[in-house]
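Engineer: Following this line is target.txt, made up of compact mmCIF, N, CA and C atoms and all ligand atoms:
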# COMPACT_ATOMS: atom_id res chain seq x y z
N MET A 11 1.08 -50.94 4.72
CA MET A 11 1.50 -49.58 4.37
C MET A 11 2.91 -49.59 3.78
N SER A 12 3.15 -48.67 2.87
CA SER A 12 4.52 -48.47 2.40
C SER A 12 4.85 -46.98 2.52
N TYR A 13 6.03 -46.63 2.09
CA TYR A 13 6.51 -45.27 2.32
C TYR A 13 7.11 -44.67 1.06
N CYS A 14 6.94 -43.37 0.91
CA CYS A 14 7.62 -42.64 -0.16
C CYS A 14 8.68 -41.75 0.48
N TYR A 15 9.88 -41.88 -0.04
CA TYR A 15 10.99 -41.06 0.45
C TYR A 15 11.28 -40.01 -0.61
N SER A 16 11.39 -38.77 -0.23
CA SER A 16 11.74 -37.80 -1.26
C SER A 16 12.66 -36.70 -0.74
N ILE A 17 13.58 -36.29 -1.60
CA ILE A 17 14.43 -35.13 -1.33
C ILE A 17 14.04 -34.06 -2.34
N GLU A 18 13.62 -32.91 -1.82
CA GLU A 18 13.28 -31.79 -2.70
C GLU A 18 14.59 -31.17 -3.17
N ILE A 19 14.98 -31.59 -4.36
CA ILE A 19 16.30 -31.27 -4.90
C ILE A 19 16.60 -29.77 -4.84
N ASP A 20 15.63 -28.95 -5.19
CA ASP A 20 15.90 -27.52 -5.29
C ASP A 20 15.89 -26.79 -3.94
N ARG A 21 15.52 -27.48 -2.86
CA ARG A 21 15.66 -26.90 -1.51
C ARG A 21 17.03 -27.23 -0.92
N CYS A 22 17.66 -28.26 -1.45
CA CYS A 22 18.90 -28.78 -0.88
C CYS A 22 20.07 -27.87 -1.19
N LYS A 23 20.92 -27.63 -0.17
CA LYS A 23 22.12 -26.80 -0.39
C LYS A 23 23.39 -27.65 -0.37
N GLY A 24 23.21 -28.96 -0.40
CA GLY A 24 24.37 -29.85 -0.52
C GLY A 24 25.32 -29.83 0.66
N CYS A 25 24.78 -29.54 1.85
CA CYS A 25 25.66 -29.41 3.02
C CYS A 25 26.24 -30.76 3.46
N GLY A 26 25.59 -31.84 3.09
CA GLY A 26 26.11 -33.17 3.40
C GLY A 26 25.79 -33.69 4.80
N LEU A 27 25.01 -32.93 5.58
CA LEU A 27 24.67 -33.39 6.93
C LEU A 27 23.92 -34.71 6.90
N CYS A 28 22.98 -34.82 5.99
CA CYS A 28 22.19 -36.06 5.90
C CYS A 28 23.08 -37.24 5.50
N VAL A 29 24.02 -36.98 4.61
CA VAL A 29 24.94 -38.05 4.17
C VAL A 29 25.74 -38.54 5.36
N ALA A 30 26.19 -37.61 6.19
CA ALA A 30 27.05 -37.95 7.32
C ALA A 30 26.30 -38.73 8.41
N VAL A 31 25.02 -38.42 8.62
CA VAL A 31 24.32 -39.05 9.75
C VAL A 31 23.62 -40.35 9.39
N CYS A 32 23.43 -40.62 8.12
CA CYS A 32 22.69 -41.84 7.75
C CYS A 32 23.42 -43.09 8.25
N PRO A 33 22.76 -43.87 9.10
CA PRO A 33 23.43 -45.05 9.67
C PRO A 33 23.64 -46.17 8.65
N LYS A 34 22.95 -46.11 7.54
CA LYS A 34 23.06 -47.17 6.52
C LYS A 34 23.84 -46.72 5.29
N LYS A 35 24.38 -45.51 5.32
CA LYS A 35 25.19 -44.99 4.20
C LYS A 35 24.43 -45.03 2.87
N VAL A 36 23.18 -44.62 2.96
CA VAL A 36 22.29 -44.64 1.78
C VAL A 36 22.53 -43.43 0.87
N LEU A 37 22.90 -42.31 1.49
CA LEU A 37 22.90 -41.04 0.76
C LEU A 37 24.28 -40.65 0.24
N GLU A 38 24.26 -39.95 -0.90
CA GLU A 38 25.48 -39.38 -1.46
C GLU A 38 25.15 -38.02 -2.05
N ILE A 39 26.19 -37.28 -2.40
CA ILE A 39 26.00 -35.98 -3.04
C ILE A 39 26.10 -36.16 -4.55
N SER A 40 25.12 -35.61 -5.26
CA SER A 40 25.04 -35.75 -6.72
C SER A 40 26.16 -34.97 -7.43
N ASN A 41 26.44 -35.36 -8.64
CA ASN A 41 27.39 -34.63 -9.49
C ASN A 41 26.71 -33.54 -10.30
N GLU A 42 25.37 -33.48 -10.21
CA GLU A 42 24.63 -32.50 -11.01
C GLU A 42 24.08 -31.39 -10.13
N VAL A 43 24.22 -30.15 -10.58
CA VAL A 43 23.77 -29.02 -9.77
C VAL A 43 22.25 -28.85 -9.83
N ASN A 44 21.71 -28.27 -8.74
CA ASN A 44 20.28 -27.96 -8.75
C ASN A 44 20.08 -26.52 -9.21
N ILE A 45 18.85 -26.05 -9.07
CA ILE A 45 18.51 -24.72 -9.59
C ILE A 45 19.29 -23.60 -8.89
N LYS A 46 19.73 -23.88 -7.65
CA LYS A 46 20.48 -22.86 -6.89
C LYS A 46 21.98 -22.97 -7.10
N GLY A 47 22.40 -23.96 -7.88
CA GLY A 47 23.83 -24.11 -8.12
C GLY A 47 24.53 -24.99 -7.10
N TYR A 48 23.76 -25.71 -6.26
CA TYR A 48 24.35 -26.63 -5.28
C TYR A 48 24.29 -28.06 -5.81
N PHE A 49 25.16 -28.90 -5.26
CA PHE A 49 25.13 -30.32 -5.58
C PHE A 49 24.26 -31.00 -4.52
N PRO A 50 23.08 -31.46 -4.87
CA PRO A 50 22.14 -31.98 -3.87
C PRO A 50 22.40 -33.44 -3.47
N ALA A 51 21.87 -33.79 -2.33
CA ALA A 51 21.94 -35.18 -1.87
C ALA A 51 20.92 -36.03 -2.62
N TYR A 52 21.22 -37.31 -2.73
CA TYR A 52 20.24 -38.24 -3.30
C TYR A 52 20.46 -39.62 -2.67
N GLN A 53 19.47 -40.47 -2.79
CA GLN A 53 19.58 -41.83 -2.26
C GLN A 53 20.32 -42.71 -3.27
N ALA A 54 21.58 -42.95 -3.02
CA ALA A 54 22.38 -43.78 -3.92
C ALA A 54 22.05 -45.26 -3.74
N ARG A 55 21.64 -45.62 -2.53
CA ARG A 55 21.31 -47.03 -2.24
C ARG A 55 19.95 -47.11 -1.54
N PRO A 56 18.87 -46.81 -2.26
CA PRO A 56 17.55 -46.73 -1.63
C PRO A 56 17.10 -48.03 -0.97
N ASP A 57 17.54 -49.16 -1.50
CA ASP A 57 17.11 -50.43 -0.92
C ASP A 57 17.64 -50.64 0.50
N ASP A 58 18.69 -49.90 0.85
CA ASP A 58 19.27 -50.03 2.19
C ASP A 58 18.62 -49.12 3.22
N CYS A 59 17.72 -48.25 2.77
CA CYS A 59 17.08 -47.28 3.68
C CYS A 59 16.14 -47.99 4.64
N ILE A 60 16.30 -47.68 5.94
CA ILE A 60 15.44 -48.30 6.97
C ILE A 60 14.38 -47.30 7.46
N ARG A 61 14.29 -46.14 6.80
CA ARG A 61 13.29 -45.11 7.10
C ARG A 61 13.33 -44.69 8.57
N CYS A 62 14.54 -44.54 9.06
CA CYS A 62 14.71 -44.10 10.45
C CYS A 62 14.39 -42.62 10.62
N ALA A 63 14.42 -41.87 9.51
CA ALA A 63 14.08 -40.43 9.47
C ALA A 63 15.14 -39.54 10.14
N ILE A 64 16.30 -40.07 10.44
CA ILE A 64 17.36 -39.23 11.02
C ILE A 64 17.75 -38.14 10.02
N CYS A 65 17.81 -38.49 8.75
CA CYS A 65 18.17 -37.49 7.72
C CYS A 65 17.15 -36.36 7.68
N CYS A 66 15.87 -36.69 7.80
CA CYS A 66 14.81 -35.67 7.78
C CYS A 66 14.98 -34.72 8.96
N THR A 67 15.28 -35.28 10.11
CA THR A 67 15.43 -34.47 11.31
C THR A 67 16.65 -33.56 11.21
N MET A 68 17.70 -34.06 10.61
CA MET A 68 18.96 -33.31 10.55
C MET A 68 18.95 -32.21 9.50
N CYS A 69 18.20 -32.38 8.44
CA CYS A 69 18.29 -31.41 7.32
C CYS A 69 17.86 -30.01 7.76
N PRO A 70 18.77 -29.03 7.71
CA PRO A 70 18.42 -27.67 8.14
C PRO A 70 17.45 -26.98 7.19
N ASP A 71 17.29 -27.52 5.99
CA ASP A 71 16.42 -26.89 5.00
C ASP A 71 15.12 -27.64 4.79
N VAL A 72 14.86 -28.63 5.63
CA VAL A 72 13.62 -29.40 5.58
C VAL A 72 13.36 -29.89 4.15
N ALA A 73 14.40 -30.42 3.56
CA ALA A 73 14.29 -30.84 2.15
C ALA A 73 13.89 -32.31 2.01
N ILE A 74 13.97 -33.07 3.12
CA ILE A 74 13.72 -34.52 3.02
C ILE A 74 12.42 -34.86 3.72
N SER A 75 11.62 -35.72 3.08
CA SER A 75 10.39 -36.18 3.72
C SER A 75 10.18 -37.67 3.47
N ILE A 76 9.56 -38.30 4.45
CA ILE A 76 9.15 -39.70 4.32
C ILE A 76 7.66 -39.73 4.63
N THR A 77 6.89 -40.18 3.68
CA THR A 77 5.44 -40.14 3.80
C THR A 77 4.87 -41.55 3.75
N GLU A 78 3.97 -41.84 4.67
CA GLU A 78 3.29 -43.13 4.67
C GLU A 78 2.20 -43.11 3.61
N VAL A 79 2.19 -44.11 2.76
CA VAL A 79 1.20 -44.15 1.67
C VAL A 79 0.59 -45.55 1.58
N ALA A 80 -0.50 -45.66 0.86
CA ALA A 80 -1.14 -46.95 0.68
C ALA A 80 -0.22 -47.89 -0.11
N GLU A 81 -0.36 -49.17 0.15
CA GLU A 81 0.43 -50.18 -0.54
C GLU A 81 0.28 -49.99 -2.06
N ASP A 82 1.36 -50.21 -2.80
CA ASP A 82 1.40 -50.12 -4.27
C ASP A 82 1.24 -48.70 -4.81
N THR A 83 1.37 -47.69 -3.96
CA THR A 83 1.32 -46.31 -4.44
C THR A 83 2.65 -45.98 -5.12
N GLU A 84 2.56 -45.31 -6.28
CA GLU A 84 3.78 -44.83 -6.95
C GLU A 84 4.28 -43.59 -6.22
N CYS A 85 5.56 -43.58 -5.90
CA CYS A 85 6.10 -42.39 -5.22
C CYS A 85 6.49 -41.32 -6.24
S1 LIG A 101 15.72 -42.57 6.55
FE1 LIG A 101 17.51 -43.29 7.76
S2 LIG A 101 18.38 -44.95 6.54
FE2 LIG A 101 17.01 -43.83 5.18
S3 LIG A 101 18.33 -42.34 4.12
FE3 LIG A 101 17.49 -41.32 5.95
S4 LIG A 101 19.00 -41.61 7.58
FE4 LIG A 101 19.45 -43.08 5.93
S1 LIG A 102 20.93 -32.10 4.98
FE1 LIG A 102 19.36 -31.23 3.62
S2 LIG A 102 20.37 -29.49 2.65
FE2 LIG A 102 21.99 -30.76 3.53
S3 LIG A 102 22.60 -32.15 1.84
FE3 LIG A 102 21.02 -33.21 3.02
S4 LIG A 102 19.07 -32.72 1.96
FE4 LIG A 102 20.61 -31.24 1.29
I'd like the structure from this file rewritten - as structure tokens, please.
Ligand code: SF4
Ligand code: SF4

Structural biologist:
Amino acid sequence: MSYCYSIEIDRCKGCGLCVAVCPKKVLEISNEVNIKGYFPAYQARPDDCIRCAICCTMCPDVAISITEVAEDTEC
């Protein structure tokens, strides 16, 4: 099995909670605004992600998801 990690950019309000709690420092805040005018989080270092899901749990806007998918699935 592999996993797809996604941040729904237009749900994100750029609060930075996920950035702060990530134990691997994977996340950063983008320089580009989303549809709501916020600077959203993104995975700056995706290869370092251990899929602990702490960011998903912390996000008050439920913008982050990690989904188990079949091997070789395009995310
Ligand atoms: S799943 Fe864990 S390691 Fe990956 S970005 Fe979220 S908090 Fe960081
Ligand atoms: S915790 Fe959620 S709303 Fe806040 S920056 Fe991260 S993804 Fe965006």

Engineer: Do you know which residues are within 6.5 Å of ligand LIG 101 (chain A) using only N, CA and C atoms and all ligand atoms? Can you write them as a ChimeraX atom specification?

Structural biologist: /A:28,31-37,58-66

Engineer: Taking (13.7, -35.3, 3.1) in the file's own coordinates, collect the residues within 6.5 Å, counting all atoms listed in the file, and hand them back as a list in words.

Structural biologist: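 Applying the cut-off with all atoms listed in the file, one gets Tyr15, Ser16, Ile17, Glu18, Cys65, Cys66, Val72, Ala73, Ile74, Ser75 and Ile76 of chain A.
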
Engineer: What residues of the protein or nucleic acid chains come within 9 Å of ligand LIG 102 (chain A) when you use only C-alpha atoms and all ligand atoms? Reply as a ChimeraX atom specification.

Structural biologist: /A:17-30,37-39,48-52,65-74

Engineer: Could you please determine the separation between atom C of Glu78 (chain A) and CA of Cys14 (chain A) in Å, to one decimal place?

Structural biologist: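 Computing the Euclidean distance for atom C of Glu78 (chain A) and CA of Cys14 (chain A) yields 6.6 Å.
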
Engineer: Between A:Asn41, A:Thr83, A:Ser12, A:Thr77, single out the one closest to Ala54 (chain A), counting only C-alpha atoms.

Structural biologist: A:Asn41

Engineer: Padding 4 Å on each side, edges along x, y and z: where is the centre of the box around the listed atoms of region 30-36 of chain A, and how long are its edges in Å to one decimal? Output it as AutoDock Vina command-line options.

Structural biologist:
--center_x 24.7 --center_y -42.4 --center_z 5.3 --size_x 12.8 --size_y 17.6 --size_z 16.9

Engineer: What is the atom C of Ala80 (chain A) to CA of Met11 (chain A) distance in Å?

Structural biologist: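 Between atom C of Ala80 (chain A) and CA of Met11 (chain A) the gap works out to 5.1 Å.
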
Engineer: Check chain A with DSSP on the backbone and list each residue it calls helix (DSSP H, G or I), as a list in words.

Structural biologist: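 Answer for chain A, restricted to helix (DSSP H, G or I): Ile19, Asp20, Arg21, Leu27, Cys28, Val29, Ala30, Val31, Pro56, Asp57, Asp58, Ile64, Cys65, Cys66, Thr67 and Met68 of chain A.
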